[in-house]
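To be precise, the following lines are model_25.txt, and they hold compact mmCIF, C-alpha atoms and all ligand atoms.
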```txt
# COMPACT_ATOMS: atom_id res chain seq x y z
CA PHE A 1 14.61 14.21 -6.51
CA SER A 2 17.48 12.83 -8.50
CA VAL A 3 17.06 9.35 -7.17
CA PRO A 4 19.49 6.54 -7.91
CA ARG A 5 17.79 3.40 -9.13
CA LEU A 6 18.35 0.90 -6.36
CA THR A 7 17.65 -2.80 -6.44
CA TYR A 8 15.50 -4.35 -3.70
CA GLU A 9 18.69 -5.86 -2.27
CA GLU A 10 20.21 -2.37 -2.02
CA LYS A 11 16.99 -0.94 -0.59
CA LEU A 12 16.86 -3.69 2.02
CA LYS A 13 20.17 -2.47 3.46
CA LEU A 14 18.68 1.02 3.98
CA GLN A 15 15.73 -0.21 6.06
CA ASN A 16 15.56 0.16 9.82
CA HIS A 17 11.97 -0.93 10.42
CA PRO A 18 11.01 -4.65 10.69
CA ILE A 19 7.94 -4.16 8.46
CA SER A 20 9.82 -2.50 5.59
CA LYS A 21 12.45 -5.24 5.80
CA LYS A 22 9.74 -7.89 5.74
CA LEU A 23 8.05 -6.33 2.70
CA ILE A 24 11.25 -6.30 0.69
CA GLU A 25 12.18 -9.81 1.79
CA ILE A 26 8.79 -11.07 0.62
CA ALA A 27 9.20 -9.19 -2.67
CA LEU A 28 12.57 -10.84 -3.27
CA SER A 29 11.52 -14.33 -2.27
CA LYS A 30 8.24 -14.35 -4.25
CA LYS A 31 9.53 -12.10 -7.07
CA THR A 32 6.58 -9.74 -6.79
CA ASN A 33 6.00 -6.08 -6.01
CA LEU A 34 2.23 -6.34 -6.20
CA ILE A 35 -0.15 -5.19 -3.47
CA ALA A 36 -3.74 -6.21 -4.13
CA SER A 37 -6.40 -3.79 -2.92
CA LEU A 38 -9.42 -5.98 -2.20
CA ASP A 39 -12.09 -3.32 -1.97
CA THR A 40 -15.10 -5.63 -1.75
CA TYR A 41 -18.08 -5.77 0.59
CA LYS A 42 -18.17 -9.37 1.77
CA SER A 43 -15.58 -10.93 4.04
CA GLU A 44 -16.17 -14.31 2.38
CA GLU A 45 -15.20 -12.84 -0.98
CA ILE A 46 -12.02 -11.28 0.45
CA LEU A 47 -10.97 -14.61 2.00
CA LYS A 48 -11.60 -16.44 -1.27
CA LEU A 49 -9.59 -13.86 -3.25
CA ALA A 50 -6.80 -13.91 -0.64
CA ASP A 51 -6.53 -17.65 -1.05
CA GLN A 52 -6.53 -17.45 -4.87
CA ILE A 53 -3.97 -14.65 -5.26
CA GLY A 54 -1.94 -14.95 -2.05
CA ASP A 55 1.05 -16.56 -3.77
CA PHE A 56 1.53 -13.61 -6.12
CA ILE A 57 1.45 -10.61 -3.77
CA VAL A 58 3.44 -8.95 -1.00
CA ALA A 59 0.38 -7.59 0.79
CA ILE A 60 -3.37 -7.26 0.75
CA LYS A 61 -4.67 -3.75 1.20
CA LEU A 62 -8.06 -3.43 2.86
CA HIS A 63 -10.62 -0.78 3.64
CA ALA A 64 -12.08 -2.45 6.71
CA ASP A 65 -14.96 0.04 6.72
CA ILE A 66 -16.21 -1.19 3.32
CA ILE A 67 -16.79 -4.70 4.66
CA THR A 68 -20.42 -5.22 5.69
CA ASP A 69 -19.78 -8.29 7.87
CA PHE A 70 -16.38 -7.46 9.38
CA SER A 71 -15.69 -9.73 12.36
CA GLU A 72 -12.94 -11.09 14.56
CA ASN A 73 -13.34 -14.40 12.82
CA PHE A 74 -12.71 -12.76 9.45
CA VAL A 75 -9.48 -11.27 10.81
CA TYR A 76 -8.49 -14.66 12.24
CA GLU A 77 -9.08 -16.43 8.90
CA LEU A 78 -7.31 -13.73 6.88
CA LYS A 79 -4.28 -13.79 9.17
CA LYS A 80 -4.15 -17.56 8.74
CA ILE A 81 -4.04 -17.25 4.94
CA ALA A 82 -1.47 -14.43 5.21
CA ALA A 83 0.79 -16.63 7.34
CA ILE A 84 0.53 -19.62 4.98
CA LYS A 85 1.00 -17.60 1.79
CA ASN A 86 3.49 -15.13 3.28
CA PHE A 87 1.96 -11.72 2.72
CA LEU A 88 1.23 -8.71 4.97
CA LEU A 89 -2.02 -6.93 5.87
CA PHE A 90 -2.29 -3.28 4.98
CA GLU A 91 -5.24 -1.20 6.26
CA ASP A 92 -5.78 1.85 4.05
CA ARG A 93 -7.43 3.88 6.83
CA LYS A 94 -5.97 7.23 5.72
CA PHE A 95 -6.02 8.68 9.22
CA GLY A 96 -6.38 12.47 9.12
CA ASP A 97 -7.16 13.79 12.56
CA ILE A 98 -5.35 15.01 15.68
CA GLY A 99 -3.14 12.45 17.40
CA ASN A 100 -5.53 11.70 20.23
CA THR A 101 -8.41 10.87 17.90
CA GLN A 102 -6.23 8.87 15.55
CA GLN A 103 -4.99 6.83 18.48
CA MET A 104 -8.58 5.95 19.44
CA GLN A 105 -9.49 5.13 15.81
CA PHE A 106 -6.38 2.96 15.53
CA ASN A 107 -6.92 0.94 18.72
CA GLY A 108 -10.67 0.99 19.21
CA GLY A 109 -13.99 0.92 17.46
CA VAL A 110 -15.28 -2.09 15.54
CA TYR A 111 -12.08 -2.73 13.58
CA LYS A 112 -9.34 -2.63 16.24
CA ILE A 113 -6.83 -2.00 13.45
CA SER A 114 -3.80 -2.17 15.75
CA ASP A 115 -4.66 -5.82 16.55
CA TRP A 116 -4.12 -7.10 13.02
CA ALA A 117 -2.66 -4.60 10.53
CA ASP A 118 1.04 -4.75 9.60
CA LEU A 119 0.79 -1.43 7.76
CA VAL A 120 -1.59 1.55 7.83
CA THR A 121 -1.93 4.67 5.73
CA SER A 122 -2.10 8.09 7.31
CA HIS A 123 -2.34 11.63 6.06
CA VAL A 124 0.24 14.05 7.49
CA ILE A 125 -2.22 16.94 7.49
CA ALA A 126 -2.29 17.16 11.32
CA GLY A 127 1.49 17.38 11.62
CA GLU A 128 4.34 15.28 12.92
CA GLU A 129 3.08 14.48 16.42
CA SER A 130 -0.16 13.01 15.09
CA LEU A 131 1.90 10.14 13.62
CA GLN A 132 3.60 9.17 16.87
CA VAL A 133 0.41 7.57 18.21
CA PHE A 134 0.80 4.55 15.89
CA GLY A 135 3.84 3.41 17.85
CA GLU A 136 6.90 1.67 16.47
CA GLU A 137 5.58 -1.80 15.62
CA ILE A 138 3.30 -0.99 12.72
CA GLY A 139 4.65 0.31 9.42
CA VAL A 140 3.10 3.72 8.72
CA VAL A 141 2.73 4.73 5.07
CA THR A 142 1.98 8.43 4.73
CA ILE A 143 0.05 10.00 1.90
CA ALA A 144 2.29 12.48 0.14
CA GLU A 145 0.38 12.64 -3.12
CA MET A 146 -2.91 11.24 -4.44
CA SER A 147 -3.72 9.69 -7.80
CA SER A 148 -7.00 11.49 -8.39
CA LYS A 149 -7.68 14.41 -10.72
CA GLY A 150 -7.55 17.78 -8.98
CA THR A 151 -5.96 16.48 -5.76
CA LEU A 152 -4.75 19.22 -3.41
CA THR A 153 -1.44 17.41 -2.81
CA ASP A 154 0.67 19.90 -4.80
CA GLU A 155 4.49 20.11 -4.81
CA ASN A 156 4.57 22.24 -1.65
CA TYR A 157 2.33 19.87 0.30
CA LYS A 158 4.17 16.84 -1.00
CA SER A 159 7.61 18.09 -0.05
CA LYS A 160 6.43 18.97 3.48
CA ALA A 161 4.79 15.56 3.85
CA ILE A 162 8.00 13.87 2.67
CA ASN A 163 10.13 15.92 5.08
CA ILE A 164 8.03 14.86 8.06
CA SER A 165 7.91 11.24 6.84
CA SER A 166 11.71 11.10 6.55
CA LYS A 167 12.09 12.14 10.19
CA MET A 168 9.66 9.64 11.71
CA SER A 169 11.07 6.25 12.70
CA ASN A 170 7.68 4.50 12.31
CA VAL A 171 7.09 5.81 8.77
CA ILE A 172 8.39 3.32 6.21
CA GLY A 173 7.30 5.13 3.07
CA CYS A 174 4.71 7.17 1.24
CA VAL A 175 1.90 6.82 -1.22
CA ALA A 176 2.83 9.07 -4.13
CA GLN A 177 2.82 9.51 -7.89
CA SER A 178 6.43 10.69 -8.22
CA LYS A 179 9.94 9.94 -6.94
CA LEU A 180 10.82 9.83 -3.25
CA PRO A 181 14.15 10.01 -1.39
CA PRO A 182 15.68 6.50 -1.36
CA SER A 183 15.19 5.97 2.39
CA LEU A 184 11.39 5.93 1.93
CA LEU A 185 9.53 3.15 0.13
CA LEU A 186 7.18 4.32 -2.62
CA PHE A 187 3.71 2.82 -2.90
CA THR A 188 1.79 3.68 -6.04
CA PRO A 189 -1.95 3.10 -6.51
CA GLY A 190 -3.83 3.97 -9.68
CA VAL A 191 -2.29 1.10 -11.64
CA ASN A 192 -4.24 -0.66 -14.37
CA LEU A 193 -3.20 -2.38 -17.59
CA THR A 194 -6.39 -1.70 -19.54
CA GLU A 195 -8.10 1.45 -18.17
CA SER A 196 -6.72 5.01 -18.09
CA GLU A 197 -9.37 6.47 -15.75
CA ASP A 198 -12.69 5.80 -14.07
CA SER A 199 -15.69 8.15 -13.99
CA LYS A 200 -14.92 9.35 -10.44
CA GLY A 201 -11.54 11.06 -10.81
CA GLN A 202 -9.17 8.10 -10.59
CA GLN A 203 -6.22 8.27 -13.02
CA PHE A 204 -4.47 5.03 -13.97
CA ASN A 205 -0.94 4.30 -15.15
CA THR A 206 0.73 1.09 -16.29
CA PRO A 207 3.30 -0.76 -14.14
CA GLU A 208 5.97 0.14 -16.72
CA LYS A 209 5.22 3.87 -16.39
CA VAL A 210 5.32 3.93 -12.58
CA PHE A 211 8.60 1.99 -12.43
CA SER A 212 10.32 3.95 -15.20
CA ASP A 213 9.09 7.45 -14.28
CA TYR A 214 8.56 7.30 -10.50
CA HIS A 215 10.91 4.44 -9.49
CA THR A 216 8.10 3.01 -7.44
CA ASP A 217 8.69 0.09 -5.09
CA PHE A 218 5.21 -1.38 -4.84
CA ILE A 219 2.24 -1.19 -7.20
CA ILE A 220 -1.26 -1.21 -5.73
CA VAL A 221 -3.95 -2.73 -7.94
CA GLY A 222 -7.64 -2.80 -7.04
CA ARG A 223 -10.28 -3.23 -9.71
CA GLY A 224 -7.76 -4.62 -12.21
CA ILE A 225 -7.71 -7.75 -10.05
CA TYR A 226 -10.82 -8.08 -7.88
CA ARG A 227 -13.21 -7.09 -10.68
CA ALA A 228 -11.60 -9.45 -13.21
CA LYS A 229 -13.41 -12.56 -14.46
CA ASN A 230 -10.40 -14.55 -13.37
CA PRO A 231 -8.69 -12.68 -10.48
CA GLU A 232 -5.97 -15.32 -10.10
CA GLN A 233 -4.94 -15.00 -13.73
CA GLU A 234 -4.92 -11.18 -13.48
CA ALA A 235 -2.90 -11.25 -10.24
CA ILE A 236 -0.30 -13.37 -12.05
CA ARG A 237 -0.34 -10.89 -14.95
CA TYR A 238 0.18 -7.85 -12.69
CA LYS A 239 2.83 -9.72 -10.72
CA GLU A 240 4.74 -10.52 -13.91
CA GLU A 241 4.30 -7.06 -15.46
CA GLY A 242 5.37 -5.41 -12.18
CA TRP A 243 8.46 -7.60 -11.82
CA LYS A 244 9.42 -7.14 -15.48
CA ALA A 245 9.08 -3.35 -15.10
CA TYR A 246 11.23 -3.44 -11.94
CA LEU A 247 13.99 -5.49 -13.60
CA LYS A 248 13.99 -3.25 -16.67
CA ASN A 249 14.23 -0.06 -14.63
CA CYS A 250 16.47 -0.89 -11.69
N1 LIG B 301 -5.88 4.86 -3.46
C1 LIG B 301 -5.84 5.40 -4.72
N2 LIG B 301 -5.18 6.58 -4.92
C2 LIG B 301 -4.56 7.27 -3.93
C3 LIG B 301 -4.60 6.70 -2.63
C4 LIG B 301 -5.25 5.51 -2.43
O1 LIG B 301 -6.37 4.85 -5.66
O2 LIG B 301 -3.95 8.31 -4.19
I1 LIG B 301 -3.67 7.68 -1.13
C5 LIG B 301 -6.57 3.59 -3.15
C6 LIG B 301 -8.04 3.58 -3.46
C7 LIG B 301 -8.31 2.14 -3.76
C8 LIG B 301 -7.01 1.67 -4.42
O3 LIG B 301 -8.48 1.41 -2.55
O4 LIG B 301 -6.00 2.52 -3.91
C9 LIG B 301 -7.02 1.74 -5.94
O5 LIG B 301 -8.03 0.93 -6.48
P1 LIG B 301 -8.32 0.82 -8.06
O6 LIG B 301 -7.10 0.13 -8.67
O7 LIG B 301 -9.56 0.01 -8.12
O8 LIG B 301 -8.50 2.22 -8.56
```
What is this file in structure tokens?
Amino acid sequence: FSVPRLTYEEKLKLQNHPISKKLIEIALSKKTNLIASLDTYKSEEILKLADQIGDFIVAIKLHADIITDFSENFVYELKKIAAIKNFLLFEDRKFGDIGNTQQMQFNGGVYKISDWADLVTSHVIAGEESLQVFGEEIGVVTIAEMSSKGTLTDENYKSKAINISSKMSNVIGCVAQSKLPPSLLLFTPGVNLTESEDSKGQQFNTPEKVFSDYHTDFIIVGRGIYRAKNPEQEAIRYKEEGWKAYLKNC
């Protein structure tokens, strides 16, 4: 795509969904484009991290199924922190089944994702109608392209995923490692300031690279923050590096 470099203010005007508006409004008011992926086992640890880094992020991304002691009380406490610190909750469920099954996974089971998540990720592998089951209230972020070595999300897959995403009123953007049409928000994981890869196929880029080359909107940082000796200090560092990269490249 030859994508114009839009500011968040300009992007805000293109949004039709309340969740994408909210994300950009939070970004502008807190001067951050950082989403922290808190991929840890204990709910207590997630709540502590949320409290420490909440001022510096637009959202916390979770994998509810990693948490060993997931509970309604955990959700209640996390929502409380999210309201005080003004960030959203993003469940990285990566749905990938037929619509009927996805609907049950979204509403039911232990996690009852539809009760608390502001955003969810979904593959588009099952086609357009499989995405309708999430309804209009939640912001759906589709997976157009993955960050890992050898991913099957080639150009053909990506362009089909983007086409479907552009048509769906509940899809606010995509996870990808390259430019998107300006109506879709771009979420980019695989961001780390010190590592270039892990031993399990992950490939990392710097905030500067993903803003200059992909025109990303939101960086997603996992281990760079939750594994740090001082997660608060690292969240501030990623927040500042992300905002600097945005200002330089918009
Ligand atoms: N994630 C990726 N790459 C992808 C997709 C999701 O890393 O292409 I789609 C998730 C996995 C993890 C987080 O929850 O983003 C990145 O964490 P690290 O910064 O620790 O690699």
Fewer than 5 positions away in the same chain doesn't count, so skip those; otherwise give me all residues within 12 Å of Glu10 of chain A, counting only C-alpha atoms, as a PyMOL selection string. chain A and resi 4-5+15+21+24-25+28+182-183+250
What's the 10 Å shell around Pro18 of chain A, counting all atoms listed in the file, without same-chain residues fewer than 5 positions away, as an NGL selection string? :A and (23 or 136-139 or 170 or 172)
Check which residues of chain A sit at most 6 Å from ligand LIG 301 (chain B) using all atoms listed in the file, and return one row each with the closest pair of atoms and their distance in Å to one decimal, ordered by chain and rising number, as a Markdown table.
```
| residue | atom | partner | partner_atom | distance |
| --- | --- | --- | --- | --- |
| A:Ser37 | CA | B:LIG301 | O3 | 5.6 |
| A:Asp39 | CA | B:LIG301 | O3 | 6.0 |
| A:Ile143 | CA | B:LIG301 | I1 | 5.3 |
| A:Met146 | CA | B:LIG301 | O2 | 3.1 |
| A:Ser147 | CA | B:LIG301 | O2 | 3.9 |
| A:Val175 | CA | B:LIG301 | I1 | 5.6 |
| A:Pro189 | CA | B:LIG301 | O1 | 4.8 |
| A:Gly190 | CA | B:LIG301 | O1 | 4.8 |
| A:Val191 | CA | B:LIG301 | O6 | 5.7 |
| A:Val221 | CA | B:LIG301 | O6 | 4.3 |
| A:Gly222 | CA | B:LIG301 | O6 | 3.4 |
| A:Arg223 | CA | B:LIG301 | O7 | 3.7 |
| A:Gly224 | CA | B:LIG301 | O6 | 6.0 |
```
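The space separating atom CA of Lys42 of chain A from atom CA of Phe70 of chain A comes to 8.0 Å.
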Protein, DNA and RNA residues within 12 Å of (-1.0, -9.0, 1.9), only C-alpha atoms, as a ChimeraX atom specification: /A:22-23,26-27,32-38,46-47,49-51,53-62,78-91,116-119,218,220
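Counting only C-alpha atoms and comparing A:Glu145, A:Ile66, A:Glu77, A:Ser71, the residue that lies closest to Lys112 of chain A is A:Ser71.
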Given all atoms listed in the file as the basis, pick out the residue of A:Lys11, A:Gln132, A:Asn107, A:Ser148 nearest to Gln203 of chain A. A:Ser148
Measure the distance from atom CA of Val140 of chain A to atom CA of Gly173 of chain A in Å and round it to one decimal. 7.2 Å
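Each of A:Glu234, A:Asp65, A:Asp198, A:Glu45 was compared to Ile113 of chain A using all atoms listed in the file, and A:Asp65 turns out to be the nearest.
Among the candidate residues A:Glu197, A:Met168, A:Asp154, A:Lys229, the one lying nearest to His17 of chain A is A:Met168, with distances computed using all atoms listed in the file.
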Enclose segment 240-250 of chain A, meaning all of its atoms listed in the file, in a box aligned along x, y and z, pad it by 8 Å on each side, and list the centre and edge lengths in Å to one decimal, as JSON.
```
{"center_x": 10.4, "center_y": -5.3, "center_z": -14.2, "size_x": 28.2, "size_y": 26.5, "size_z": 21.0}
```
Just give me the residues with any atom within 6 Å of (-15.5, -7.4, 5.3), file coordinates, counting all atoms listed in the file, written as an MDAnalysis selection string. chainID A and resid 41:43 67:70
Limited to C-alpha atoms, could you put the picked residues into a file as a short mmCIF file (atom, residue, chain, number, x, y, z; two decimals), in the frame of the given file?
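Saved to selection-v3.cif:
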```
data_model
loop_
_atom_site.label_atom_id
_atom_site.label_comp_id
_atom_site.auth_asym_id
_atom_site.auth_seq_id
_atom_site.Cartn_x
_atom_site.Cartn_y
_atom_site.Cartn_z
CA TYR A 41 -18.08 -5.77 0.59
CA LYS A 42 -18.17 -9.37 1.77
CA SER A 43 -15.58 -10.93 4.04
CA ILE A 67 -16.79 -4.70 4.66
CA THR A 68 -20.42 -5.22 5.69
CA ASP A 69 -19.78 -8.29 7.87
CA PHE A 70 -16.38 -7.46 9.38
#
```
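Using only C-alpha atoms, the residues found no farther than 8 Å from Ser159 of chain A, other than those of its own chain fewer than 4 positions away, are A:Ala144, A:Glu155, A:Asn163.
Proximity of A:Val141, A:Ile164, A:Val133, A:Leu247 to Thr188 of chain A, computed with all atoms listed in the file, is greatest for A:Val141.
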Counting all atoms listed in the file, figure out which residue out of A:Ser178, A:Ser114, A:Ser130, A:Ser166 gets nearest to Gln102 of chain A. A:Ser130
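One finds atom CA of Thr121 of chain A at 18.3 Å from atom CA of Thr40 of chain A.
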Starting from the sparse input, extend segment 7-37 of chain A to N, CA and C atoms and give the output as a PDB file, keeping the file's coordinate frame.
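out_16.pdb written:
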```pdb
ATOM      1  N   THR A   7      18.305  -1.497  -6.415  1.00  0.00           N
ATOM      2  CA  THR A   7      17.650  -2.800  -6.440  1.00  0.00           C
ATOM      3  C   THR A   7      16.983  -3.032  -5.082  1.00  0.00           C
ATOM      4  N   TYR A   8      16.107  -4.035  -5.001  1.00  0.00           N
ATOM      5  CA  TYR A   8      15.500  -4.350  -3.700  1.00  0.00           C
ATOM      6  C   TYR A   8      16.575  -4.772  -2.698  1.00  0.00           C
ATOM      7  N   GLU A   9      17.604  -5.452  -3.173  1.00  0.00           N
ATOM      8  CA  GLU A   9      18.690  -5.860  -2.270  1.00  0.00           C
ATOM      9  C   GLU A   9      19.365  -4.628  -1.664  1.00  0.00           C
ATOM     10  N   GLU A  10      19.588  -3.614  -2.506  1.00  0.00           N
ATOM     11  CA  GLU A  10      20.210  -2.370  -2.020  1.00  0.00           C
ATOM     12  C   GLU A  10      19.269  -1.626  -1.075  1.00  0.00           C
ATOM     13  N   LYS A  11      17.977  -1.614  -1.451  1.00  0.00           N
ATOM     14  CA  LYS A  11      16.990  -0.940  -0.590  1.00  0.00           C
ATOM     15  C   LYS A  11      16.878  -1.609   0.775  1.00  0.00           C
ATOM     16  N   LEU A  12      16.977  -2.926   0.778  1.00  0.00           N
ATOM     17  CA  LEU A  12      16.860  -3.690   2.020  1.00  0.00           C
ATOM     18  C   LEU A  12      17.889  -3.211   3.038  1.00  0.00           C
ATOM     19  N   LYS A  13      19.090  -2.913   2.549  1.00  0.00           N
ATOM     20  CA  LYS A  13      20.170  -2.470   3.460  1.00  0.00           C
ATOM     21  C   LYS A  13      19.865  -1.111   4.084  1.00  0.00           C
ATOM     22  N   LEU A  14      19.002  -0.315   3.453  1.00  0.00           N
ATOM     23  CA  LEU A  14      18.680   1.020   3.980  1.00  0.00           C
ATOM     24  C   LEU A  14      17.563   1.002   5.028  1.00  0.00           C
ATOM     25  N   GLN A  15      16.922  -0.170   5.196  1.00  0.00           N
ATOM     26  CA  GLN A  15      15.730  -0.210   6.060  1.00  0.00           C
ATOM     27  C   GLN A  15      16.091  -0.415   7.532  1.00  0.00           C
ATOM     28  N   ASN A  16      15.365   0.314   8.373  1.00  0.00           N
ATOM     29  CA  ASN A  16      15.560   0.160   9.820  1.00  0.00           C
ATOM     30  C   ASN A  16      14.342  -0.433  10.510  1.00  0.00           C
ATOM     31  N   HIS A  17      13.217  -0.484   9.801  1.00  0.00           N
ATOM     32  CA  HIS A  17      11.970  -0.930  10.420  1.00  0.00           C
ATOM     33  C   HIS A  17      11.688  -2.388  10.036  1.00  0.00           C
ATOM     34  N   PRO A  18      11.264  -3.235  11.013  1.00  0.00           N
ATOM     35  CA  PRO A  18      11.010  -4.650  10.690  1.00  0.00           C
ATOM     36  C   PRO A  18       9.977  -4.855   9.581  1.00  0.00           C
ATOM     37  N   ILE A  19       8.982  -3.971   9.483  1.00  0.00           N
ATOM     38  CA  ILE A  19       7.940  -4.160   8.460  1.00  0.00           C
ATOM     39  C   ILE A  19       8.471  -3.831   7.052  1.00  0.00           C
ATOM     40  N   SER A  20       9.287  -2.802   6.932  1.00  0.00           N
ATOM     41  CA  SER A  20       9.820  -2.500   5.590  1.00  0.00           C
ATOM     42  C   SER A  20      10.808  -3.585   5.158  1.00  0.00           C
ATOM     43  N   LYS A  21      11.553  -4.116   6.129  1.00  0.00           N
ATOM     44  CA  LYS A  21      12.450  -5.240   5.800  1.00  0.00           C
ATOM     45  C   LYS A  21      11.647  -6.437   5.314  1.00  0.00           C
ATOM     46  N   LYS A  22      10.596  -6.735   6.065  1.00  0.00           N
ATOM     47  CA  LYS A  22       9.740  -7.890   5.740  1.00  0.00           C
ATOM     48  C   LYS A  22       9.136  -7.749   4.333  1.00  0.00           C
ATOM     49  N   LEU A  23       8.653  -6.561   4.017  1.00  0.00           N
ATOM     50  CA  LEU A  23       8.050  -6.330   2.700  1.00  0.00           C
ATOM     51  C   LEU A  23       9.041  -6.638   1.576  1.00  0.00           C
ATOM     52  N   ILE A  24      10.246  -6.115   1.738  1.00  0.00           N
ATOM     53  CA  ILE A  24      11.250  -6.300   0.690  1.00  0.00           C
ATOM     54  C   ILE A  24      11.699  -7.763   0.630  1.00  0.00           C
ATOM     55  N   GLU A  25      11.807  -8.384   1.790  1.00  0.00           N
ATOM     56  CA  GLU A  25      12.180  -9.810   1.790  1.00  0.00           C
ATOM     57  C   GLU A  25      11.131 -10.660   1.079  1.00  0.00           C
ATOM     58  N   ILE A  26       9.864 -10.341   1.319  1.00  0.00           N
ATOM     59  CA  ILE A  26       8.790 -11.070   0.620  1.00  0.00           C
ATOM     60  C   ILE A  26       8.878 -10.810  -0.886  1.00  0.00           C
ATOM     61  N   ALA A  27       9.087  -9.537  -1.247  1.00  0.00           N
ATOM     62  CA  ALA A  27       9.200  -9.190  -2.670  1.00  0.00           C
ATOM     63  C   ALA A  27      10.287 -10.022  -3.335  1.00  0.00           C
ATOM     64  N   LEU A  28      11.448 -10.106  -2.681  1.00  0.00           N
ATOM     65  CA  LEU A  28      12.570 -10.840  -3.270  1.00  0.00           C
ATOM     66  C   LEU A  28      12.290 -12.338  -3.325  1.00  0.00           C
ATOM     67  N   SER A  29      11.686 -12.876  -2.273  1.00  0.00           N
ATOM     68  CA  SER A  29      11.520 -14.330  -2.270  1.00  0.00           C
ATOM     69  C   SER A  29      10.393 -14.777  -3.189  1.00  0.00           C
ATOM     70  N   LYS A  30       9.349 -13.954  -3.368  1.00  0.00           N
ATOM     71  CA  LYS A  30       8.240 -14.350  -4.250  1.00  0.00           C
ATOM     72  C   LYS A  30       8.336 -13.687  -5.629  1.00  0.00           C
ATOM     73  N   LYS A  31       9.356 -12.858  -5.822  1.00  0.00           N
ATOM     74  CA  LYS A  31       9.530 -12.100  -7.070  1.00  0.00           C
ATOM     75  C   LYS A  31       8.255 -11.350  -7.451  1.00  0.00           C
ATOM     76  N   THR A  32       7.783 -10.540  -6.534  1.00  0.00           N
ATOM     77  CA  THR A  32       6.580  -9.740  -6.790  1.00  0.00           C
ATOM     78  C   THR A  32       6.662  -8.412  -6.047  1.00  0.00           C
ATOM     79  N   ASN A  33       6.124  -7.376  -6.679  1.00  0.00           N
ATOM     80  CA  ASN A  33       6.000  -6.080  -6.010  1.00  0.00           C
ATOM     81  C   ASN A  33       4.545  -5.634  -5.997  1.00  0.00           C
ATOM     82  N   LEU A  34       3.668  -6.617  -6.065  1.00  0.00           N
ATOM     83  CA  LEU A  34       2.230  -6.340  -6.200  1.00  0.00           C
ATOM     84  C   LEU A  34       1.527  -6.334  -4.841  1.00  0.00           C
ATOM     85  N   ILE A  35       0.770  -5.254  -4.600  1.00  0.00           N
ATOM     86  CA  ILE A  35      -0.150  -5.190  -3.470  1.00  0.00           C
ATOM     87  C   ILE A  35      -1.559  -5.185  -4.047  1.00  0.00           C
ATOM     88  N   ALA A  36      -2.367  -6.148  -3.620  1.00  0.00           N
ATOM     89  CA  ALA A  36      -3.740  -6.210  -4.130  1.00  0.00           C
ATOM     90  C   ALA A  36      -4.657  -5.464  -3.175  1.00  0.00           C
ATOM     91  N   SER A  37      -5.434  -4.541  -3.726  1.00  0.00           N
ATOM     92  CA  SER A  37      -6.400  -3.790  -2.920  1.00  0.00           C
ATOM     93  C   SER A  37      -7.755  -4.468  -3.099  1.00  0.00           C
TER      94      SER A  37
END
```
